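Coordinates from my_file_34.pdb are shown below (PDB, C-alpha atoms).
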ATOM      1  CA  GLU J1190     140.386  97.827 173.460  1.00  0.00           C
ATOM      2  CA  PRO J1191     141.326 101.525 173.180  1.00  0.00           C
ATOM      3  CA  GLU J1192     138.418 103.934 173.166  1.00  0.00           C
ATOM      4  CA  VAL J1193     137.638 107.477 172.155  1.00  0.00           C
ATOM      5  CA  THR J1194     136.237 109.236 175.218  1.00  0.00           C
ATOM      6  CA  GLN J1195     133.806 112.127 175.030  1.00  0.00           C
ATOM      7  CA  THR J1196     132.639 114.384 177.839  1.00  0.00           C
ATOM      8  CA  PRO J1197     130.065 115.345 178.873  1.00  0.00           C
ATOM      9  CA  SER J1198     127.623 112.721 177.674  1.00  0.00           C
ATOM     10  CA  HIS J1199     124.788 115.237 177.790  1.00  0.00           C
ATOM     11  CA  GLN J1200     124.870 119.028 177.950  1.00  0.00           C
ATOM     12  CA  VAL J1201     122.002 121.456 178.128  1.00  0.00           C
ATOM     13  CA  THR J1202     122.742 125.082 177.332  1.00  0.00           C
ATOM     14  CA  GLN J1203     120.829 128.271 176.724  1.00  0.00           C
ATOM     15  CA  MET J1204     120.680 129.784 173.283  1.00  0.00           C
ATOM     16  CA  GLY J1205     123.546 132.202 172.740  1.00  0.00           C
ATOM     17  CA  GLN J1206     125.859 130.529 175.227  1.00  0.00           C
ATOM     18  CA  GLU J1207     129.245 129.084 174.380  1.00  0.00           C
ATOM     19  CA  VAL J1208     129.826 125.366 174.763  1.00  0.00           C
ATOM     20  CA  ILE J1209     132.950 123.254 174.591  1.00  0.00           C
ATOM     21  CA  LEU J1210     132.662 119.581 173.794  1.00  0.00           C
ATOM     22  CA  ARG J1211     135.634 117.487 174.792  1.00  0.00           C
ATOM     23  CA  CYS J1212     137.165 114.388 173.300  1.00  0.00           C
ATOM     24  CA  VAL J1213     140.162 112.263 174.154  1.00  0.00           C
ATOM     25  CA  PRO J1214     141.164 110.369 171.009  1.00  0.00           C
ATOM     26  CA  ILE J1215     143.106 107.120 171.046  1.00  0.00           C
ATOM     27  CA  SER J1216     146.651 107.984 172.017  1.00  0.00           C
ATOM     28  CA  ASN J1217     148.527 106.886 168.881  1.00  0.00           C
ATOM     29  CA  HIS J1218     145.967 108.223 166.428  1.00  0.00           C
ATOM     30  CA  LEU J1219     146.866 111.132 164.190  1.00  0.00           C
ATOM     31  CA  TYR J1220     143.619 112.106 162.460  1.00  0.00           C
ATOM     32  CA  PHE J1221     140.711 113.605 164.356  1.00  0.00           C
ATOM     33  CA  TYR J1222     137.146 114.381 163.340  1.00  0.00           C
ATOM     34  CA  TRP J1223     133.903 115.835 164.568  1.00  0.00           C
ATOM     35  CA  TYR J1224     130.551 114.692 163.222  1.00  0.00           C
ATOM     36  CA  ARG J1225     127.031 115.524 164.295  1.00  0.00           C
ATOM     37  CA  GLN J1226     123.703 113.768 164.097  1.00  0.00           C
ATOM     38  CA  ILE J1227     120.512 115.766 164.415  1.00  0.00           C
ATOM     39  CA  LEU J1228     117.766 113.607 165.914  1.00  0.00           C
ATOM     40  CA  GLY J1229     116.357 111.254 163.314  1.00  0.00           C
ATOM     41  CA  GLN J1230     118.799 112.313 160.622  1.00  0.00           C
ATOM     42  CA  LYS J1231     122.008 110.958 159.211  1.00  0.00           C
ATOM     43  CA  VAL J1232     125.470 111.535 160.597  1.00  0.00           C
ATOM     44  CA  GLU J1233     127.111 114.598 159.045  1.00  0.00           C
ATOM     45  CA  PHE J1234     130.778 115.499 158.794  1.00  0.00           C
ATOM     46  CA  LEU J1235     131.829 118.746 160.458  1.00  0.00           C
ATOM     47  CA  VAL J1236     135.612 118.949 160.438  1.00  0.00           C
ATOM     48  CA  SER J1237     138.816 116.948 160.209  1.00  0.00           C
ATOM     49  CA  PHE J1238     142.073 117.827 161.940  1.00  0.00           C
ATOM     50  CA  TYR J1239     145.599 116.628 161.274  1.00  0.00           C
ATOM     51  CA  ASN J1240     149.025 117.880 162.239  1.00  0.00           C
ATOM     52  CA  ASN J1241     147.513 120.609 164.409  1.00  0.00           C
ATOM     53  CA  GLU J1242     145.428 122.168 161.717  1.00  0.00           C
ATOM     54  CA  ILE J1243     142.077 121.775 160.031  1.00  0.00           C
ATOM     55  CA  SER J1244     142.427 119.584 156.953  1.00  0.00           C
ATOM     56  CA  GLU J1245     138.831 119.811 155.777  1.00  0.00           C
ATOM     57  CA  LYS J1246     135.577 121.364 156.972  1.00  0.00           C
ATOM     58  CA  SER J1247     131.998 121.201 155.816  1.00  0.00           C
ATOM     59  CA  GLU J1248     129.662 124.075 155.044  1.00  0.00           C
ATOM     60  CA  ILE J1249     128.072 123.451 158.440  1.00  0.00           C
ATOM     61  CA  PHE J1250     131.337 124.363 160.145  1.00  0.00           C
ATOM     62  CA  ASP J1251     130.939 128.123 159.992  1.00  0.00           C
ATOM     63  CA  ASP J1252     132.600 130.874 162.022  1.00  0.00           C
ATOM     64  CA  GLN J1253     130.751 129.938 165.196  1.00  0.00           C
ATOM     65  CA  PHE J1254     132.601 126.628 165.339  1.00  0.00           C
ATOM     66  CA  SER J1255     136.240 126.059 166.204  1.00  0.00           C
ATOM     67  CA  VAL J1256     138.419 123.100 167.084  1.00  0.00           C
ATOM     68  CA  GLU J1257     141.536 122.832 169.135  1.00  0.00           C
ATOM     69  CA  ARG J1258     143.993 120.266 170.385  1.00  0.00           C
ATOM     70  CA  PRO J1259     145.228 122.217 173.363  1.00  0.00           C
ATOM     71  CA  ASP J1260     147.504 119.762 175.108  1.00  0.00           C
ATOM     72  CA  GLY J1261     148.325 116.846 172.832  1.00  0.00           C
ATOM     73  CA  SER J1262     145.630 114.598 174.246  1.00  0.00           C
ATOM     74  CA  ASN J1263     142.316 116.474 174.219  1.00  0.00           C
ATOM     75  CA  PHE J1264     140.476 117.499 171.071  1.00  0.00           C
ATOM     76  CA  THR J1265     137.756 120.071 171.591  1.00  0.00           C
ATOM     77  CA  LEU J1266     134.872 121.498 169.596  1.00  0.00           C
ATOM     78  CA  LYS J1267     133.725 124.970 170.598  1.00  0.00           C
ATOM     79  CA  ILE J1268     130.443 126.501 169.563  1.00  0.00           C
ATOM     80  CA  ARG J1269     130.634 130.213 170.297  1.00  0.00           C
ATOM     81  CA  SER J1270     126.989 131.237 170.342  1.00  0.00           C
ATOM     82  CA  THR J1271     124.675 128.267 170.297  1.00  0.00           C
ATOM     83  CA  LYS J1272     121.449 128.213 168.308  1.00  0.00           C
ATOM     84  CA  LEU J1273     118.431 125.980 168.710  1.00  0.00           C
ATOM     85  CA  GLU J1274     119.403 124.159 165.512  1.00  0.00           C
ATOM     86  CA  ASP J1275     122.749 123.168 167.047  1.00  0.00           C
ATOM     87  CA  SER J1276     120.880 120.634 169.177  1.00  0.00           C
ATOM     88  CA  ALA J1277     122.281 117.291 168.091  1.00  0.00           C
ATOM     89  CA  MET J1278     124.487 114.398 169.056  1.00  0.00           C
ATOM     90  CA  TYR J1279     128.108 115.304 168.428  1.00  0.00           C
ATOM     91  CA  PHE J1280     130.560 112.492 167.751  1.00  0.00           C
ATOM     92  CA  CYS J1281     134.300 112.652 167.931  1.00  0.00           C
ATOM     93  CA  ALA J1282     136.328 110.136 165.897  1.00  0.00           C
ATOM     94  CA  SER J1283     139.979 109.361 165.425  1.00  0.00           C
ATOM     95  CA  SER J1284     142.054 107.308 163.008  1.00  0.00           C
ATOM     96  CA  LYS J1285     145.595 105.996 163.141  1.00  0.00           C
ATOM     97  CA  ASP J1286     146.503 106.208 159.477  1.00  0.00           C
ATOM     98  CA  GLN J1287     145.018 106.365 156.049  1.00  0.00           C
ATOM     99  CA  ASN J1288     144.315 102.653 155.815  1.00  0.00           C
ATOM    100  CA  TYR J1289     142.832 102.315 159.266  1.00  0.00           C
ATOM    101  CA  GLY J1290     139.225 102.506 160.332  1.00  0.00           C
ATOM    102  CA  TYR J1291     137.740 105.306 162.316  1.00  0.00           C
ATOM    103  CA  THR J1292     136.943 104.862 166.006  1.00  0.00           C
ATOM    104  CA  PHE J1293     134.002 106.876 167.257  1.00  0.00           C
ATOM    105  CA  GLY J1294     133.267 108.067 170.755  1.00  0.00           C
ATOM    106  CA  SER J1295     129.885 107.552 172.399  1.00  0.00           C
ATOM    107  CA  GLY J1296     128.864 111.105 171.650  1.00  0.00           C
ATOM    108  CA  THR J1297     127.744 114.225 173.487  1.00  0.00           C
ATOM    109  CA  ARG J1298     124.066 115.045 173.255  1.00  0.00           C
ATOM    110  CA  LEU J1299     123.793 118.827 173.100  1.00  0.00           C
ATOM    111  CA  THR J1300     120.425 120.364 173.832  1.00  0.00           C
ATOM    112  CA  VAL J1301     120.024 124.088 173.231  1.00  0.00           C
ATOM    113  CA  VAL J1302     117.003 125.657 174.945  1.00  0.00           C
TER
ATOM    114  CA  ALA O1485     132.193 113.912 145.429  1.00  0.00           C
ATOM    115  CA  GLN O1486     130.849 110.922 147.297  1.00  0.00           C
ATOM    116  CA  SER O1487     127.421 109.802 148.384  1.00  0.00           C
ATOM    117  CA  VAL O1488     125.685 106.797 149.869  1.00  0.00           C
ATOM    118  CA  THR O1489     122.157 105.557 149.380  1.00  0.00           C
ATOM    119  CA  GLN O1490     120.682 103.032 151.755  1.00  0.00           C
ATOM    120  CA  LEU O1491     117.609 101.395 150.298  1.00  0.00           C
ATOM    121  CA  GLY O1492     114.940 101.022 152.946  1.00  0.00           C
ATOM    122  CA  SER O1493     114.811 103.218 156.028  1.00  0.00           C
ATOM    123  CA  HIS O1494     113.203 100.345 157.934  1.00  0.00           C
ATOM    124  CA  VAL O1495     113.792  96.624 157.531  1.00  0.00           C
ATOM    125  CA  SER O1496     111.983  94.009 159.572  1.00  0.00           C
ATOM    126  CA  VAL O1497     112.937  90.333 159.673  1.00  0.00           C
ATOM    127  CA  SER O1498     112.067  87.370 161.819  1.00  0.00           C
ATOM    128  CA  GLU O1499     114.544  85.950 164.282  1.00  0.00           C
ATOM    129  CA  GLY O1500     116.654  83.355 162.474  1.00  0.00           C
ATOM    130  CA  ALA O1501     115.963  84.821 159.039  1.00  0.00           C
ATOM    131  CA  LEU O1502     118.471  86.309 156.626  1.00  0.00           C
ATOM    132  CA  VAL O1503     119.347  89.953 157.147  1.00  0.00           C
ATOM    133  CA  LEU O1504     120.048  91.997 154.018  1.00  0.00           C
ATOM    134  CA  LEU O1505     120.675  95.735 154.282  1.00  0.00           C
ATOM    135  CA  ARG O1506     121.332  97.479 150.996  1.00  0.00           C
ATOM    136  CA  CYS O1507     123.918 100.163 150.327  1.00  0.00           C
ATOM    137  CA  ASN O1508     124.875 101.772 147.050  1.00  0.00           C
ATOM    138  CA  TYR O1509     127.608 104.320 146.791  1.00  0.00           C
ATOM    139  CA  SER O1510     128.904 106.923 144.414  1.00  0.00           C
ATOM    140  CA  SER O1511     132.537 107.939 144.442  1.00  0.00           C
ATOM    141  CA  SER O1512     134.829 109.721 142.024  1.00  0.00           C
ATOM    142  CA  VAL O1513     137.852 108.017 143.602  1.00  0.00           C
ATOM    143  CA  PRO O1514     138.476 104.420 144.689  1.00  0.00           C
ATOM    144  CA  PRO O1515     136.306 104.089 147.770  1.00  0.00           C
ATOM    145  CA  TYR O1516     136.748 102.797 151.239  1.00  0.00           C
ATOM    146  CA  LEU O1517     133.413 101.486 152.537  1.00  0.00           C
ATOM    147  CA  PHE O1518     132.167 100.957 156.054  1.00  0.00           C
ATOM    148  CA  TRP O1519     129.193  99.668 157.965  1.00  0.00           C
ATOM    149  CA  TYR O1520     128.502 101.056 161.430  1.00  0.00           C
ATOM    150  CA  VAL O1521     125.865  99.999 163.939  1.00  0.00           C
ATOM    151  CA  GLN O1522     124.218 102.313 166.439  1.00  0.00           C
ATOM    152  CA  TYR O1523     122.278 100.933 169.365  1.00  0.00           C
ATOM    153  CA  PRO O1524     119.774 103.248 171.092  1.00  0.00           C
ATOM    154  CA  ASN O1525     121.456 106.151 172.874  1.00  0.00           C
ATOM    155  CA  GLN O1526     124.900 104.863 172.017  1.00  0.00           C
ATOM    156  CA  GLY O1527     127.715 105.784 169.662  1.00  0.00           C
ATOM    157  CA  LEU O1528     128.746 104.305 166.352  1.00  0.00           C
ATOM    158  CA  GLN O1529     130.405 100.913 166.395  1.00  0.00           C
ATOM    159  CA  LEU O1530     132.335  99.668 163.390  1.00  0.00           C
ATOM    160  CA  LEU O1531     130.929  96.418 162.009  1.00  0.00           C
ATOM    161  CA  LEU O1532     133.278  95.995 159.076  1.00  0.00           C
ATOM    162  CA  LYS O1533     135.249  97.887 156.462  1.00  0.00           C
ATOM    163  CA  TYR O1534     136.430  97.462 152.887  1.00  0.00           C
ATOM    164  CA  THR O1535     139.769  99.082 152.115  1.00  0.00           C
ATOM    165  CA  SER O1536     140.647  97.637 148.679  1.00  0.00           C
ATOM    166  CA  ALA O1537     141.742  94.193 149.829  1.00  0.00           C
ATOM    167  CA  ALA O1538     139.345  91.230 149.712  1.00  0.00           C
ATOM    168  CA  THR O1539     135.962  92.093 148.233  1.00  0.00           C
ATOM    169  CA  LEU O1540     134.119  89.888 150.728  1.00  0.00           C
ATOM    170  CA  VAL O1541     134.581  91.404 154.140  1.00  0.00           C
ATOM    171  CA  LYS O1542     133.723  89.676 157.390  1.00  0.00           C
ATOM    172  CA  GLY O1543     132.902  91.726 160.442  1.00  0.00           C
ATOM    173  CA  ILE O1544     131.787  91.359 164.004  1.00  0.00           C
ATOM    174  CA  ASN O1545     128.626  89.640 165.217  1.00  0.00           C
ATOM    175  CA  GLY O1546     128.423  87.391 162.146  1.00  0.00           C
ATOM    176  CA  PHE O1547     127.924  90.177 159.608  1.00  0.00           C
ATOM    177  CA  GLU O1548     129.609  90.334 156.247  1.00  0.00           C
ATOM    178  CA  ALA O1549     129.492  92.563 153.185  1.00  0.00           C
ATOM    179  CA  GLU O1550     130.590  92.219 149.587  1.00  0.00           C
ATOM    180  CA  PHE O1551     132.076  95.034 147.553  1.00  0.00           C
ATOM    181  CA  LYS O1552     130.752  94.923 143.986  1.00  0.00           C
ATOM    182  CA  LYS O1553     132.367  97.613 141.905  1.00  0.00           C
ATOM    183  CA  SER O1554     130.243  96.915 138.819  1.00  0.00           C
ATOM    184  CA  GLU O1555     127.084  97.451 140.860  1.00  0.00           C
ATOM    185  CA  THR O1556     128.561 100.177 143.106  1.00  0.00           C
ATOM    186  CA  SER O1557     127.138  98.247 146.034  1.00  0.00           C
ATOM    187  CA  PHE O1558     128.235  97.177 149.484  1.00  0.00           C
ATOM    188  CA  HIS O1559     125.284  95.265 150.919  1.00  0.00           C
ATOM    189  CA  LEU O1560     125.397  93.971 154.486  1.00  0.00           C
ATOM    190  CA  THR O1561     124.216  90.442 155.254  1.00  0.00           C
ATOM    191  CA  LYS O1562     123.869  88.068 158.154  1.00  0.00           C
ATOM    192  CA  PRO O1563     122.599  84.526 157.636  1.00  0.00           C
ATOM    193  CA  SER O1564     120.525  84.306 160.806  1.00  0.00           C
ATOM    194  CA  ALA O1565     119.128  87.319 162.648  1.00  0.00           C
ATOM    195  CA  HIS O1566     119.272  87.542 166.411  1.00  0.00           C
ATOM    196  CA  MET O1567     117.150  89.737 168.627  1.00  0.00           C
ATOM    197  CA  SER O1568     120.280  91.615 169.687  1.00  0.00           C
ATOM    198  CA  ASP O1569     120.807  92.762 166.076  1.00  0.00           C
ATOM    199  CA  ALA O1570     117.980  95.270 166.399  1.00  0.00           C
ATOM    200  CA  ALA O1571     119.630  98.663 165.855  1.00  0.00           C
ATOM    201  CA  GLU O1572     120.274 101.411 163.316  1.00  0.00           C
ATOM    202  CA  TYR O1573     122.809 100.558 160.620  1.00  0.00           C
ATOM    203  CA  PHE O1574     124.782 103.127 158.670  1.00  0.00           C
ATOM    204  CA  CYS O1575     126.751 102.614 155.491  1.00  0.00           C
ATOM    205  CA  ALA O1576     129.535 105.109 154.856  1.00  0.00           C
ATOM    206  CA  VAL O1577     132.079 105.874 152.146  1.00  0.00           C
ATOM    207  CA  SER O1578     135.362 107.706 152.183  1.00  0.00           C
ATOM    208  CA  GLY O1579     138.219 108.248 149.821  1.00  0.00           C
ATOM    209  CA  GLN O1580     141.570 106.712 150.591  1.00  0.00           C
ATOM    210  CA  GLY O1581     143.874 108.555 152.932  1.00  0.00           C
ATOM    211  CA  ALA O1582     141.875 109.089 156.143  1.00  0.00           C
ATOM    212  CA  GLN O1583     139.380 111.332 154.395  1.00  0.00           C
ATOM    213  CA  LYS O1584     136.009 112.214 155.891  1.00  0.00           C
ATOM    214  CA  LEU O1585     133.221 109.678 156.039  1.00  0.00           C
ATOM    215  CA  VAL O1586     130.018 110.337 154.120  1.00  0.00           C
ATOM    216  CA  PHE O1587     127.114 108.485 155.678  1.00  0.00           C
ATOM    217  CA  GLY O1588     123.888 107.130 154.314  1.00  0.00           C
ATOM    218  CA  GLN O1589     120.557 107.895 155.938  1.00  0.00           C
ATOM    219  CA  GLY O1590     120.596 104.712 157.967  1.00  0.00           C
ATOM    220  CA  THR O1591     118.406 101.634 158.100  1.00  0.00           C
ATOM    221  CA  ARG O1592     116.552 100.708 161.236  1.00  0.00           C
ATOM    222  CA  LEU O1593     116.542  96.933 161.636  1.00  0.00           C
ATOM    223  CA  THR O1594     113.754  95.350 163.648  1.00  0.00           C
ATOM    224  CA  ILE O1595     113.814  91.687 164.610  1.00  0.00           C
ATOM    225  CA  ASN O1596     110.483  89.937 165.150  1.00  0.00           C
ATOM    226  CA  PRO O1597     110.327  87.005 167.583  1.00  0.00           C
TER
END

This structure in structure tokens:
Amino acid sequence: EPEVTQTPSHQVTQMGQEVILRCVPISNHLYFYWYRQILGQKVEFLVSFYNNEISEKSEIFDDQFSVERPDGSNFTLKIRSTKLEDSAMYFCASSKDQNYGYTFGSGTRLTVV
Amino acid sequence: AQSVTQLGSHVSVSEGALVLLRCNYSSSVPPYLFWYVQYPNQGLQLLLKYTSAATLVKGINGFEAEFKKSETSFHLTKPSAHMSDAAEYFCAVSGQGAQKLVFGQGTRLTINP
């Protein structure tokens, strides 16, 4: 069964550093998403991406965040200057069309120290 | 605007007993509804989804859920719990058209031998 692949599975970074989280969505999917889950809390929407542009973003997704689909297969989330409160599990998801479910990756656990 | 309320952050049942996880939603548009399961240190796996077809939805691992518009509910059930069902369960709502998912707080299911 096709999967959404996320790398790395775990990343530790120092406060203030830039990180890039990578995702390879399912190849025929058109809609891409990033969500995050702070430890012990619910999963929160960050951003959705369609047709090479952001279609919706949450209030969490401020200027320090950006997304890119650089080569038609990868979908990346960049955090420019990480803060302690960015420590969370970050999930990538993709969807084929508007009536399809969402397939989630296994997540990247980001730890900011 | 959409929201999800999961009643009970922790549910404990005996092996072989009925599992009932409650989810109520609020949506200003016709909703799509989802249940996801998260095993420790893993990603989100889709259990089942309601996308305006049959109101009784069957999913994987013997789970099912019924969409009740009049009660704005989408409760998850399984007739007989198995030890392997122990996990965190998330109910989520979206609008139609590949819109973002809004998650509930999650319910941790414990199975007693």

Within 10 Å of chain J, which residues of chain O come that close, and what is the closest atom pair and distance in Å for each? Count only C-alpha atoms and give it as JSON lines.
{"residue": "O:Tyr1516", "atom": "CA", "partner": "J:Asn1288", "partner_atom": "CA", "distance": 8.8}
{"residue": "O:Leu1517", "atom": "CA", "partner": "J:Gly1290", "partner_atom": "CA", "distance": 9.8}
{"residue": "O:Phe1518", "atom": "CA", "partner": "J:Gly1290", "partner_atom": "CA", "distance": 8.4}
{"residue": "O:Tyr1520", "atom": "CA", "partner": "J:Phe1293", "partner_atom": "CA", "distance": 9.9}
{"residue": "O:Gln1522", "atom": "CA", "partner": "J:Ser1295", "partner_atom": "CA", "distance": 9.8}
{"residue": "O:Asn1525", "atom": "CA", "partner": "J:Ser1295", "partner_atom": "CA", "distance": 8.6}
{"residue": "O:Gln1526", "atom": "CA", "partner": "J:Ser1295", "partner_atom": "CA", "distance": 5.7}
{"residue": "O:Gly1527", "atom": "CA", "partner": "J:Ser1295", "partner_atom": "CA", "distance": 3.9}
{"residue": "O:Leu1528", "atom": "CA", "partner": "J:Phe1293", "partner_atom": "CA", "distance": 5.9}
{"residue": "O:Gln1529", "atom": "CA", "partner": "J:Phe1293", "partner_atom": "CA", "distance": 7.0}
{"residue": "O:Leu1530", "atom": "CA", "partner": "J:Thr1292", "partner_atom": "CA", "distance": 7.4}
{"residue": "O:Leu1532", "atom": "CA", "partner": "J:Gly1290", "partner_atom": "CA", "distance": 8.9}
{"residue": "O:Lys1533", "atom": "CA", "partner": "J:Gly1290", "partner_atom": "CA", "distance": 7.2}
{"residue": "O:Tyr1534", "atom": "CA", "partner": "J:Gly1290", "partner_atom": "CA", "distance": 9.4}
{"residue": "O:Thr1535", "atom": "CA", "partner": "J:Asn1288", "partner_atom": "CA", "distance": 6.9}
{"residue": "O:Ser1536", "atom": "CA", "partner": "J:Asn1288", "partner_atom": "CA", "distance": 9.5}
{"residue": "O:Phe1574", "atom": "CA", "partner": "J:Lys1231", "partner_atom": "CA", "distance": 8.3}
{"residue": "O:Ala1576", "atom": "CA", "partner": "J:Val1232", "partner_atom": "CA", "distance": 9.5}
{"residue": "O:Gly1579", "atom": "CA", "partner": "J:Gln1287", "partner_atom": "CA", "distance": 9.4}
{"residue": "O:Gln1580", "atom": "CA", "partner": "J:Gln1287", "partner_atom": "CA", "distance": 6.5}
{"residue": "O:Gly1581", "atom": "CA", "partner": "J:Gln1287", "partner_atom": "CA", "distance": 4.0}
{"residue": "O:Ala1582", "atom": "CA", "partner": "J:Gln1287", "partner_atom": "CA", "distance": 4.2}
{"residue": "O:Gln1583", "atom": "CA", "partner": "J:Gln1287", "partner_atom": "CA", "distance": 7.7}
{"residue": "O:Lys1584", "atom": "CA", "partner": "J:Phe1234", "partner_atom": "CA", "distance": 6.8}
{"residue": "O:Leu1585", "atom": "CA", "partner": "J:Phe1234", "partner_atom": "CA", "distance": 6.9}
{"residue": "O:Val1586", "atom": "CA", "partner": "J:Phe1234", "partner_atom": "CA", "distance": 7.0}
{"residue": "O:Phe1587", "atom": "CA", "partner": "J:Val1232", "partner_atom": "CA", "distance": 6.0}
{"residue": "O:Gly1588", "atom": "CA", "partner": "J:Lys1231", "partner_atom": "CA", "distance": 6.5}
{"residue": "O:Gln1589", "atom": "CA", "partner": "J:Lys1231", "partner_atom": "CA", "distance": 4.7}
{"residue": "O:Gly1590", "atom": "CA", "partner": "J:Lys1231", "partner_atom": "CA", "distance": 6.5}

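The two atoms in question, CA of His1218 in chain J and CA of Phe1254 in chain J, are spaced 22.8 Å apart.
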
Query raised in the report: Excluding same-chain residues fewer than 6 positions from Pro1597 in chain O, what lies within 8 Å of it counting all atoms listed in the file, as a list in words?
Result: Ser1498, Glu1499 and Met1567 of chain O

Those residues you just picked out, can you put them in a file as a PDB file, keeping the file's coordinate frame with C-alpha atoms?
ATOM      1  CA  SER O1498     112.067  87.370 161.819  1.00  0.00           C
ATOM      2  CA  GLU O1499     114.544  85.950 164.282  1.00  0.00           C
ATOM      3  CA  MET O1567     117.150  89.737 168.627  1.00  0.00           C
TER       4      MET O1567
END

Report task. Pick out the closest residue to Tyr1509 in chain O from this set: O:Ser1496, O:Thr1556, O:Ser1578, O:Asn1545. Count only C-alpha atoms. Result -> O:Thr1556

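Take CA of Pro1515 in chain O and CA of Leu1560 in chain O: the distance between them is 16.3 Å.
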
Query - Expected residue set, 12 Å radius at (129.7, 98.8, 140.6), all atoms listed in the file, as a ChimeraX atom specification - result: /O:1507-1511,1514-1515,1539,1550-1559

**Report entry** Explicit residues for the PyMOL selection byres ((chain J and resi 1271-1275) around 10) (as a ChimeraX atom specification)
**Finding:** /J:1202-1208,1225-1227,1253-1254,1267-1270,1276-1279,1299-1302

Taking the file above as input, evaluate the PyMOL selection byres ((chain J and resi 1193) around 6) and report the hits as a tab-separated table (two decimals) with C-alpha atoms, in the frame of the given file.
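The resulting out-v1.tsv:
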chain	number	residue	atom	x	y	z
J	1192	GLU	CA	138.42	103.93	173.17
J	1194	THR	CA	136.24	109.24	175.22
J	1213	VAL	CA	140.16	112.26	174.15
J	1214	PRO	CA	141.16	110.37	171.01
J	1215	ILE	CA	143.11	107.12	171.05
J	1294	GLY	CA	133.27	108.07	170.76

To box range 1223-1230 of chain J, take all atoms listed in the file, fit an axis-aligned box, add 5 Å on each side, and give centre and edge lengths in Å to one decimal, as lines of an AutoDock Vina configuration file.
center_x = 125.1
center_y = 113.5
center_z = 163.3
size_x = 27.5
size_y = 14.6
size_z = 15.3

Query raised in the report: Residues at most 6 Å from Arg1211 in chain J, counting only C-alpha atoms, excluding those fewer than 3 positions away in the same chain, as JSON, numbers by chain?
Result: {"J": [1195, 1196, 1265]}

Report task. For CA of Gly1543 in chain O and CA of Thr1489 in chain O, quote the distance in Å rounded to one decimal. Result -> 20.7 Å

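Restricting the calculation to only C-alpha atoms, the smallest distance between Pro1563 in chain O and any of O:Gly1546, O:Val1541, O:Thr1594, O:His1494 is found for O:Gly1546.
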